[in-house]
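Colleague: The following block contains the structure, expressed as structure tokens.
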Amino acid sequence: PDLDSTAASTRYIIFFGGNDFLITQKTIDIFDRIRCNILLFNYRGFGDNPGVPSIRGIVRDGAGAHAFLTKSLDFPRNRIFLMGHSIGSYVALSLAQIDTCGGIILDAPFTNFTDLSEDIQKEFPSYWKLLYRINFEHNLFELDNLSKVKQIRYPILMLARENDDFVPVSRVKVLFHSTLSREKHFTTIKNASHNTIVDIDEYTEAINTFIEKLN
């Protein structure tokens with residue numbers, strides 16, 4: 001949907017993509033099923049954007065998207081949801097630590113770098129670094145969603161994917177049980193793998209239900 005800066009009662013999602021995320025027509029069509037305005041963007045070095053993606057760089061890009069809504073368009077912070085898929089979950093949690101939001105949606109979030117590398121190497125031994133566009137050579141152990149989520153008190157939805165080879169459902173449950181939020185929800189998306197934007201009604205409906213409960 002188009003952004004509507006005049007609708008004070010509207011909720012907004014900023015979506016922070018994973019390693020393979022690019023804005024495509026299929027992505028737009030899937031997110032169009034979510035009954036909420038959505039801001040999509042590509043990180044530096046993704047699509048036609050210049051630059052080289054890095055851990056700190058994508059967090060800065062996420063902060064820029066947030067500033068676009070809150071500062072340039074003057075959208076209220078408490079009506080913005082931060083949604084991250086995979087490594088985008090780290091971006092979402094990083095921003096939630098330093099600014100106000102209406103809620104958080106984490107899709108296939110990893111616990112920390114140690115667990116992530118262990119889980120990936122089980123499936124793709126010795127090749128896992130080749131799977132990533134983002135420069136992981138520095139600051140690897142900053143990728144710690146587990147420590148971040150323990151400080152979160154905002155309403156939160158966690159989505160696990162049944163056939164995820166990178167982030168097992170059990171890891172997402174560890175995060176879920178670690179958050180201090182009193183308003184927290186967990187859904188496992190059936191027949192979904194890691195590196196896709198899920199074209200399954202259960203996925204979009206879980207997001208819609210979560211947001212509408214808080215409206």
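Naming works like this for the structure tokens: A, B, ... for the chains as they're shown, residue 1 at the start of each chain, ligands 1 onward in shown order.
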Can you list, as a PyMOL selection string, all residues belonging to region 18-210 of chain A that DSSP tags as strand (DSSP E)?

Modeller: chain A and resi 37-39+80-85+103-107+156-161+184-189

Colleague: Tell me, as a list in words, which residues lie within 9 Å of Pro109 (chain A), counting only C-alpha atoms; anything in the same chain fewer than 3 positions away does not count.

Modeller: Gly84, His85, Ser86, Ile87, Gly88, Ser89, Tyr90, Leu106, Asn145, Met158, Leu159, Ala160, Val167, Arg171, Val172 and Leu175 of chain A

Colleague: Would you output that residue set with N, CA, C and O atoms, as a PDB file, in the first residue's frame?

Modeller:
```
ATOM      1  N   GLY A  84      11.974  -7.579  10.957  1.00  0.00           N
ATOM      2  CA  GLY A  84      13.220  -8.052  10.361  1.00  0.00           C
ATOM      3  C   GLY A  84      13.171  -9.525  10.038  1.00  0.00           C
ATOM      4  O   GLY A  84      12.698 -10.335  10.846  1.00  0.00           O
ATOM      5  N   HIS A  85      13.663  -9.866   8.848  1.00  0.00           N
ATOM      6  CA  HIS A  85      13.796 -11.271   8.459  1.00  0.00           C
ATOM      7  C   HIS A  85      15.264 -11.664   8.513  1.00  0.00           C
ATOM      8  O   HIS A  85      16.131 -10.957   7.985  1.00  0.00           O
ATOM      9  N   SER A  86      15.573 -12.790   9.157  1.00  0.00           N
ATOM     10  CA  SER A  86      16.932 -13.321   9.212  1.00  0.00           C
ATOM     11  C   SER A  86      17.879 -12.271   9.802  1.00  0.00           C
ATOM     12  O   SER A  86      17.667 -11.807  10.914  1.00  0.00           O
ATOM     13  N   ILE A  87      18.903 -11.857   9.057  1.00  0.00           N
ATOM     14  CA  ILE A  87      19.816 -10.856   9.615  1.00  0.00           C
ATOM     15  C   ILE A  87      19.121  -9.521   9.814  1.00  0.00           C
ATOM     16  O   ILE A  87      19.542  -8.695  10.632  1.00  0.00           O
ATOM     17  N   GLY A  88      18.008  -9.307   9.109  1.00  0.00           N
ATOM     18  CA  GLY A  88      17.215  -8.104   9.346  1.00  0.00           C
ATOM     19  C   GLY A  88      16.634  -8.048  10.745  1.00  0.00           C
ATOM     20  O   GLY A  88      16.295  -6.973  11.250  1.00  0.00           O
ATOM     21  N   SER A  89      16.518  -9.212  11.405  1.00  0.00           N
ATOM     22  CA  SER A  89      16.046  -9.229  12.789  1.00  0.00           C
ATOM     23  C   SER A  89      17.031  -8.508  13.701  1.00  0.00           C
ATOM     24  O   SER A  89      16.636  -7.849  14.673  1.00  0.00           O
ATOM     25  N   TYR A  90      18.320  -8.616  13.378  1.00  0.00           N
ATOM     26  CA  TYR A  90      19.343  -7.913  14.149  1.00  0.00           C
ATOM     27  C   TYR A  90      19.188  -6.397  13.979  1.00  0.00           C
ATOM     28  O   TYR A  90      19.333  -5.634  14.938  1.00  0.00           O
ATOM     29  N   LEU A 106       9.738 -10.447  14.282  1.00  0.00           N
ATOM     30  CA  LEU A 106      10.980 -11.117  13.911  1.00  0.00           C
ATOM     31  C   LEU A 106      10.653 -12.382  13.140  1.00  0.00           C
ATOM     32  O   LEU A 106       9.972 -13.267  13.653  1.00  0.00           O
ATOM     33  N   ASN A 145      21.356 -11.525  18.846  1.00  0.00           N
ATOM     34  CA  ASN A 145      19.953 -11.197  19.088  1.00  0.00           C
ATOM     35  C   ASN A 145      19.498 -11.637  20.473  1.00  0.00           C
ATOM     36  O   ASN A 145      18.581 -11.047  21.047  1.00  0.00           O
ATOM     37  N   MET A 158       7.075 -13.468  16.894  1.00  0.00           N
ATOM     38  CA  MET A 158       8.182 -14.225  16.318  1.00  0.00           C
ATOM     39  C   MET A 158       7.629 -15.290  15.383  1.00  0.00           C
ATOM     40  O   MET A 158       6.716 -16.043  15.754  1.00  0.00           O
ATOM     41  N   LEU A 159       8.177 -15.321  14.185  1.00  0.00           N
ATOM     42  CA  LEU A 159       7.772 -16.272  13.159  1.00  0.00           C
ATOM     43  C   LEU A 159       8.917 -17.237  12.893  1.00  0.00           C
ATOM     44  O   LEU A 159      10.023 -16.814  12.539  1.00  0.00           O
ATOM     45  N   ALA A 160       8.666 -18.514  13.082  1.00  0.00           N
ATOM     46  CA  ALA A 160       9.637 -19.549  12.725  1.00  0.00           C
ATOM     47  C   ALA A 160       9.172 -20.231  11.450  1.00  0.00           C
ATOM     48  O   ALA A 160       7.979 -20.216  11.127  1.00  0.00           O
ATOM     49  N   VAL A 167      17.997 -21.440  10.454  1.00  0.00           N
ATOM     50  CA  VAL A 167      17.570 -21.094  11.811  1.00  0.00           C
ATOM     51  C   VAL A 167      16.474 -22.068  12.238  1.00  0.00           C
ATOM     52  O   VAL A 167      15.304 -21.888  11.892  1.00  0.00           O
ATOM     53  N   ARG A 171      15.661 -22.624  17.837  1.00  0.00           N
ATOM     54  CA  ARG A 171      16.418 -21.403  18.131  1.00  0.00           C
ATOM     55  C   ARG A 171      15.463 -20.216  18.307  1.00  0.00           C
ATOM     56  O   ARG A 171      15.661 -19.347  19.173  1.00  0.00           O
ATOM     57  N   VAL A 172      14.449 -20.149  17.462  1.00  0.00           N
ATOM     58  CA  VAL A 172      13.483 -19.051  17.553  1.00  0.00           C
ATOM     59  C   VAL A 172      12.727 -19.133  18.881  1.00  0.00           C
ATOM     60  O   VAL A 172      12.434 -18.113  19.517  1.00  0.00           O
ATOM     61  N   LEU A 175      14.682 -17.519  21.678  1.00  0.00           N
ATOM     62  CA  LEU A 175      14.499 -16.066  21.678  1.00  0.00           C
ATOM     63  C   LEU A 175      13.149 -15.690  22.273  1.00  0.00           C
ATOM     64  O   LEU A 175      13.030 -14.762  23.075  1.00  0.00           O
TER      65      LEU A 175
END
```

Colleague: When you look at Glu162 (chain A) with a cut-off of 12 Å (counting only C-alpha atoms), what residues show up, excluding the ones that are within fewer than 2 positions of it in the same chain? I need them as a short mmCIF file (atom, residue, chain, number, x, y, z; two decimals) with all heavy atoms, in the first residue's frame.

Modeller:
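Full text of part04.cif as output:
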```cif
data_model
loop_
_atom_site.label_atom_id
_atom_site.label_comp_id
_atom_site.auth_asym_id
_atom_site.auth_seq_id
_atom_site.Cartn_x
_atom_site.Cartn_y
_atom_site.Cartn_z
N ASP A 107 11.16 -12.47 11.93
CA ASP A 107 10.89 -13.59 11.03
C ASP A 107 12.18 -14.38 10.83
O ASP A 107 13.16 -13.86 10.31
CB ASP A 107 10.38 -13.03 9.70
CG ASP A 107 10.13 -14.09 8.65
OD1 ASP A 107 10.17 -15.29 8.98
OD2 ASP A 107 9.87 -13.72 7.48
N ALA A 108 12.18 -15.63 11.28
CA ALA A 108 13.36 -16.49 11.21
C ALA A 108 14.59 -15.83 11.83
O ALA A 108 15.66 -15.76 11.23
CB ALA A 108 13.66 -16.88 9.76
N LEU A 159 8.18 -15.32 14.19
CA LEU A 159 7.77 -16.27 13.16
C LEU A 159 8.92 -17.24 12.89
O LEU A 159 10.02 -16.81 12.54
CB LEU A 159 7.40 -15.54 11.86
CG LEU A 159 6.29 -14.49 11.98
CD1 LEU A 159 6.20 -13.68 10.69
CD2 LEU A 159 4.96 -15.15 12.29
N ALA A 160 8.67 -18.51 13.08
CA ALA A 160 9.64 -19.55 12.73
C ALA A 160 9.17 -20.23 11.45
O ALA A 160 7.98 -20.22 11.13
CB ALA A 160 9.76 -20.57 13.85
N ASP A 164 13.26 -24.57 7.85
CA ASP A 164 14.39 -23.65 7.83
C ASP A 164 15.70 -24.40 8.08
O ASP A 164 15.90 -24.97 9.16
CB ASP A 164 14.19 -22.57 8.90
CG ASP A 164 15.06 -21.35 8.70
OD1 ASP A 164 16.22 -21.53 8.26
OD2 ASP A 164 14.60 -20.24 8.96
N ASP A 165 16.61 -24.37 7.10
CA ASP A 165 17.90 -25.04 7.23
C ASP A 165 18.94 -24.17 7.95
O ASP A 165 20.01 -24.66 8.32
CB ASP A 165 18.47 -25.40 5.85
CG ASP A 165 17.65 -26.48 5.16
OD1 ASP A 165 17.09 -27.33 5.89
OD2 ASP A 165 17.58 -26.48 3.92
N PHE A 166 18.64 -22.88 8.11
CA PHE A 166 19.60 -21.96 8.71
C PHE A 166 19.27 -21.67 10.18
O PHE A 166 20.17 -21.61 11.02
CB PHE A 166 19.61 -20.63 7.94
CG PHE A 166 20.20 -20.72 6.57
CD1 PHE A 166 19.50 -21.31 5.52
CD2 PHE A 166 21.46 -20.21 6.31
CE1 PHE A 166 20.04 -21.39 4.25
CE2 PHE A 166 22.02 -20.29 5.04
CZ PHE A 166 21.31 -20.89 4.01
N VAL A 167 18.00 -21.44 10.45
CA VAL A 167 17.57 -21.09 11.81
C VAL A 167 16.47 -22.07 12.24
O VAL A 167 15.30 -21.89 11.89
CB VAL A 167 17.05 -19.64 11.89
CG1 VAL A 167 16.66 -19.30 13.33
CG2 VAL A 167 18.10 -18.66 11.38
N PRO A 168 16.82 -23.12 12.98
CA PRO A 168 15.81 -24.09 13.41
C PRO A 168 14.73 -23.45 14.27
O PRO A 168 14.97 -22.45 14.95
CB PRO A 168 16.62 -25.11 14.22
CG PRO A 168 18.05 -24.91 13.78
CD PRO A 168 18.17 -23.46 13.43
N VAL A 169 13.56 -24.04 14.25
CA VAL A 169 12.44 -23.55 15.07
C VAL A 169 12.86 -23.47 16.54
O VAL A 169 12.48 -22.54 17.26
CB VAL A 169 11.22 -24.47 14.91
CG1 VAL A 169 10.10 -24.07 15.87
CG2 VAL A 169 10.71 -24.43 13.46
N SER A 170 13.67 -24.41 16.98
CA SER A 170 14.10 -24.43 18.39
C SER A 170 14.87 -23.17 18.77
O SER A 170 14.78 -22.70 19.91
CB SER A 170 14.95 -25.67 18.67
OG SER A 170 16.11 -25.69 17.83
N ARG A 171 15.66 -22.62 17.84
CA ARG A 171 16.42 -21.40 18.13
C ARG A 171 15.46 -20.22 18.31
O ARG A 171 15.66 -19.35 19.17
CB ARG A 171 17.39 -21.10 17.00
CG ARG A 171 18.45 -22.15 16.76
CD ARG A 171 19.49 -22.20 17.84
NE ARG A 171 20.69 -22.93 17.40
CZ ARG A 171 21.59 -23.43 18.20
NH1 ARG A 171 21.46 -23.32 19.52
NH2 ARG A 171 22.64 -24.07 17.71
N VAL A 172 14.45 -20.15 17.46
CA VAL A 172 13.48 -19.05 17.55
C VAL A 172 12.73 -19.13 18.88
O VAL A 172 12.43 -18.11 19.52
CB VAL A 172 12.51 -19.07 16.36
CG1 VAL A 172 11.59 -17.85 16.40
CG2 VAL A 172 13.26 -19.10 15.03
N THR A 187 4.51 -18.05 16.08
CA THR A 187 3.85 -18.83 15.04
C THR A 187 4.89 -19.56 14.20
O THR A 187 5.91 -18.96 13.83
CB THR A 187 3.00 -17.93 14.10
OG1 THR A 187 1.99 -17.28 14.87
CG2 THR A 187 2.35 -18.74 12.99
N THR A 188 4.66 -20.83 13.94
CA THR A 188 5.50 -21.58 13.01
C THR A 188 4.79 -21.65 11.66
O THR A 188 3.64 -22.09 11.58
CB THR A 188 5.76 -23.01 13.51
OG1 THR A 188 6.44 -22.95 14.78
CG2 THR A 188 6.63 -23.79 12.53
N ILE A 189 5.46 -21.18 10.62
CA ILE A 189 4.89 -21.19 9.28
C ILE A 189 5.18 -22.53 8.62
O ILE A 189 6.35 -22.89 8.40
CB ILE A 189 5.45 -20.03 8.42
CG1 ILE A 189 5.30 -18.69 9.17
CG2 ILE A 189 4.75 -19.98 7.07
CD1 ILE A 189 3.89 -18.31 9.53
N LYS A 190 4.16 -23.27 8.31
CA LYS A 190 4.30 -24.60 7.74
C LYS A 190 4.88 -24.53 6.31
O LYS A 190 4.59 -23.60 5.56
CB LYS A 190 2.95 -25.32 7.67
CG LYS A 190 2.21 -25.40 9.00
CD LYS A 190 2.90 -26.32 9.97
CE LYS A 190 2.06 -26.51 11.24
NZ LYS A 190 2.75 -27.33 12.24
N ASN A 191 5.71 -25.51 5.97
CA ASN A 191 6.24 -25.68 4.61
C ASN A 191 7.04 -24.48 4.12
O ASN A 191 7.14 -24.25 2.91
CB ASN A 191 5.10 -25.97 3.62
CG ASN A 191 4.30 -27.20 4.00
OD1 ASN A 191 4.88 -28.24 4.34
ND2 ASN A 191 2.99 -27.08 3.98
N ALA A 192 7.61 -23.71 5.03
CA ALA A 192 8.39 -22.53 4.65
C ALA A 192 9.86 -22.76 4.94
O ALA A 192 10.23 -23.29 5.98
CB ALA A 192 7.89 -21.30 5.40
N SER A 193 10.72 -22.37 3.99
CA SER A 193 12.17 -22.46 4.18
C SER A 193 12.71 -21.07 4.51
O SER A 193 11.95 -20.10 4.65
CB SER A 193 12.84 -23.03 2.93
OG SER A 193 12.52 -22.26 1.80
N HIS A 194 14.03 -20.94 4.60
CA HIS A 194 14.61 -19.71 5.14
C HIS A 194 14.66 -18.55 4.15
O HIS A 194 14.24 -17.44 4.48
CB HIS A 194 16.03 -19.99 5.65
CG HIS A 194 16.64 -18.81 6.37
ND1 HIS A 194 16.37 -18.53 7.69
CD2 HIS A 194 17.48 -17.84 5.93
CE1 HIS A 194 17.02 -17.44 8.04
NE2 HIS A 194 17.71 -17.00 7.00
N VAL A 198 7.65 -15.34 2.26
CA VAL A 198 6.72 -16.47 2.25
C VAL A 198 5.40 -16.12 1.57
O VAL A 198 4.67 -15.24 2.02
CB VAL A 198 6.45 -16.95 3.69
CG1 VAL A 198 5.52 -18.16 3.68
CG2 VAL A 198 7.77 -17.33 4.36
N TYR A 203 1.31 -16.78 6.78
CA TYR A 203 2.37 -15.80 7.08
C TYR A 203 1.80 -14.40 7.21
O TYR A 203 2.00 -13.73 8.24
CB TYR A 203 3.41 -15.87 5.95
CG TYR A 203 4.56 -14.90 6.06
CD1 TYR A 203 5.61 -15.12 6.94
CD2 TYR A 203 4.64 -13.78 5.23
CE1 TYR A 203 6.69 -14.25 7.03
CE2 TYR A 203 5.71 -12.91 5.29
CZ TYR A 203 6.73 -13.14 6.19
OH TYR A 203 7.80 -12.28 6.26
#
```

Colleague: To one decimal in Å, tell me the separation between CA of Phe210 (chain A) and CA of Asp144 (chain A).

Modeller: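 The value is 24.8 Å.
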
Colleague: Could you list, as a PyMOL selection string, every residue within 7 Å of Phe15 (chain A), counting only C-alpha atoms and ignoring same-chain residues fewer than 2 positions away?

Modeller: chain A and resi 13+17+39-40+82-84

Colleague: Let me see the file: selected residues, all heavy atoms, as a compact mmCIF listing (two decimals), in the first residue's frame.

Modeller:
```
# COMPACT_ATOMS: atom_id res chain seq x y z
N ILE A 13 4.84 -0.49 8.97
CA ILE A 13 5.90 -1.47 9.14
C ILE A 13 7.12 -1.01 8.35
O ILE A 13 7.00 -0.64 7.18
CB ILE A 13 5.48 -2.86 8.63
CG1 ILE A 13 4.41 -3.48 9.53
CG2 ILE A 13 6.68 -3.80 8.54
CD1 ILE A 13 3.86 -4.80 9.00
N GLY A 17 15.21 -6.50 5.43
CA GLY A 17 15.35 -7.77 4.74
C GLY A 17 16.54 -8.59 5.20
O GLY A 17 17.41 -8.12 5.93
N LEU A 39 7.08 0.13 4.54
CA LEU A 39 8.24 0.76 3.91
C LEU A 39 9.27 -0.32 3.61
O LEU A 39 9.79 -0.97 4.52
CB LEU A 39 8.84 1.82 4.83
CG LEU A 39 10.12 2.50 4.34
CD1 LEU A 39 9.89 3.20 3.00
CD2 LEU A 39 10.63 3.50 5.38
N LEU A 40 9.53 -0.54 2.32
CA LEU A 40 10.54 -1.49 1.87
C LEU A 40 11.73 -0.72 1.32
O LEU A 40 11.57 0.31 0.67
CB LEU A 40 9.98 -2.40 0.76
CG LEU A 40 8.74 -3.24 1.08
CD1 LEU A 40 8.26 -3.95 -0.19
CD2 LEU A 40 9.04 -4.25 2.16
N LEU A 82 8.75 -2.55 13.72
CA LEU A 82 10.04 -2.90 13.15
C LEU A 82 10.03 -4.38 12.84
O LEU A 82 9.93 -5.21 13.74
CB LEU A 82 11.16 -2.57 14.14
CG LEU A 82 11.18 -1.12 14.65
CD1 LEU A 82 12.25 -0.95 15.72
CD2 LEU A 82 11.41 -0.14 13.50
N MET A 83 10.13 -4.73 11.55
CA MET A 83 10.04 -6.13 11.13
C MET A 83 11.33 -6.54 10.44
O MET A 83 11.75 -5.93 9.45
CB MET A 83 8.87 -6.34 10.18
CG MET A 83 8.75 -7.77 9.67
SD MET A 83 7.28 -8.03 8.65
CE MET A 83 7.52 -9.78 8.21
N GLY A 84 11.97 -7.58 10.96
CA GLY A 84 13.22 -8.05 10.36
C GLY A 84 13.17 -9.52 10.04
O GLY A 84 12.70 -10.34 10.85
```

Colleague: Residues within 8 Å of Ala65 (chain A), please, as a list in words. Count only C-alpha atoms; anything in the same chain fewer than 2 positions from it doesn't count.

Modeller: Ile14, Leu39, Phe41, Asp61, Gly62, Ala63, Ala67, Phe68 and Leu69 of chain A

Colleague: With C-alpha atoms retained, export the selected residues as a CSV table (one decimal), in the first residue's frame.

Modeller:
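Below you can see selection26.csv, which holds the result:
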```
chain,number,residue,atom,x,y,z
A,14,ILE,CA,9.5,-0.9,8.3
A,39,LEU,CA,8.2,0.8,3.9
A,41,PHE,CA,14.1,-0.6,1.0
A,61,ASP,CA,20.6,1.9,6.5
A,62,GLY,CA,17.8,0.7,8.8
A,63,ALA,CA,18.2,3.8,11.0
A,67,ALA,CA,14.4,8.5,10.2
A,68,PHE,CA,12.6,8.9,6.8
A,69,LEU,CA,9.3,8.0,8.5
```

Colleague: Smallest atom-to-atom distance to Asp99 (chain A): which of A:His185, A:Lys71, A:Arg44, A:His66, using only C-alpha atoms?

Modeller: A:His66

Colleague: Report the distance between CA of Arg11 (chain A) and CA of Arg79 (chain A) in Å, rounded to one decimal place.

Modeller: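 Computing it gives 5.1 Å between the two atoms.
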
Colleague: For Ser147 (chain A), which of A:Ile211, A:Leu180, A:Ile105, A:Ile23 is the closest residue, counting only C-alpha atoms?

Modeller: A:Leu180

Colleague: Between A:Tyr154, A:Phe46, A:Phe21, A:Tyr12, which has the minimum distance to Ile34 (chain A) (counting only C-alpha atoms)?

Modeller: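 Of all the options, A:Tyr12 lies closest to Ile34 (chain A).
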
Colleague: If you count only C-alpha atoms, which residues fall within 10 Å of Ala96 (chain A), apart from same-chain ones fewer than 3 positions away, as a PyMOL selection string?

Modeller: chain A and resi 81-82+90-93+99-104+148-149+151-154

Colleague: May I have the residues from that selection written out with N, CA and C atoms, as a tab-separated table (two decimals), in the first residue's frame?

Modeller:
```tsv
chain	number	residue	atom	x	y	z
A	81	PHE	N	6.04	-0.36	13.39
A	81	PHE	CA	6.50	-1.71	13.72
A	81	PHE	C	7.81	-1.97	13.00
A	82	LEU	N	8.75	-2.55	13.72
A	82	LEU	CA	10.04	-2.90	13.15
A	82	LEU	C	10.03	-4.38	12.84
A	90	TYR	N	18.32	-8.62	13.38
A	90	TYR	CA	19.34	-7.91	14.15
A	90	TYR	C	19.19	-6.40	13.98
A	91	VAL	N	18.87	-5.96	12.76
A	91	VAL	CA	18.64	-4.53	12.51
A	91	VAL	C	17.44	-4.05	13.31
A	92	ALA	N	16.34	-4.81	13.26
A	92	ALA	CA	15.13	-4.42	13.98
A	92	ALA	C	15.38	-4.29	15.48
A	93	LEU	N	16.06	-5.28	16.06
A	93	LEU	CA	16.32	-5.24	17.50
A	93	LEU	C	17.30	-4.13	17.87
A	99	ASP	N	15.39	3.43	20.13
A	99	ASP	CA	14.27	4.31	19.78
A	99	ASP	C	12.96	3.62	20.15
A	100	THR	N	11.89	4.38	20.13
A	100	THR	CA	10.57	3.88	20.47
A	100	THR	C	9.90	3.26	19.26
A	101	CYS	N	9.11	2.21	19.48
A	101	CYS	CA	8.34	1.63	18.39
A	101	CYS	C	7.03	1.08	18.95
A	102	GLY	N	6.11	0.73	18.04
A	102	GLY	CA	4.83	0.17	18.46
A	102	GLY	C	4.89	-1.32	18.68
A	103	GLY	N	5.87	-1.97	18.10
A	103	GLY	CA	6.00	-3.41	18.23
A	103	GLY	C	7.09	-3.93	17.31
A	104	ILE	N	7.41	-5.21	17.46
A	104	ILE	CA	8.50	-5.83	16.71
A	104	ILE	C	8.00	-7.14	16.13
A	148	LYS	N	20.06	-8.96	22.97
A	148	LYS	CA	19.20	-7.80	22.67
A	148	LYS	C	17.75	-8.07	23.07
A	149	VAL	N	17.26	-9.27	22.74
A	149	VAL	CA	15.85	-9.55	22.97
A	149	VAL	C	15.53	-9.60	24.46
A	151	GLN	N	16.29	-7.50	26.52
A	151	GLN	CA	16.03	-6.14	26.96
A	151	GLN	C	14.75	-5.56	26.37
A	152	ILE	N	14.06	-6.35	25.56
A	152	ILE	CA	12.89	-5.85	24.83
A	152	ILE	C	11.62	-6.05	25.64
A	153	ARG	N	10.83	-4.97	25.73
A	153	ARG	CA	9.54	-5.03	26.41
A	153	ARG	C	8.39	-4.64	25.49
A	154	TYR	N	8.69	-4.31	24.25
A	154	TYR	CA	7.65	-3.98	23.29
A	154	TYR	C	6.86	-5.23	22.91
```

Colleague: Just give me the gap between CA of Val52 (chain A) and CA of Phe16 (chain A) in Å, one decimal is fine.

Modeller: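 CA of Phe16 (chain A) lies at a distance of 16.7 Å from CA of Val52 (chain A).
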
Colleague: With distances taken over only C-alpha atoms, which residue among A:Val59, A:Ala206, A:Leu73, A:Ile200 lies nearest Ile30 (chain A)?

Modeller: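 Checking each of A:Val59, A:Ala206, A:Leu73, A:Ile200 against Ile30 (chain A), counting only C-alpha atoms, the winner is A:Ile200.
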
Colleague: Of the residues A:Gly57, A:Ile156, A:Thr10, A:Thr27, which is the one nearest to Pro76 (chain A), using only C-alpha atoms?

Modeller: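 Ranked by minimum distance to Pro76 (chain A), first place goes to A:Thr10.
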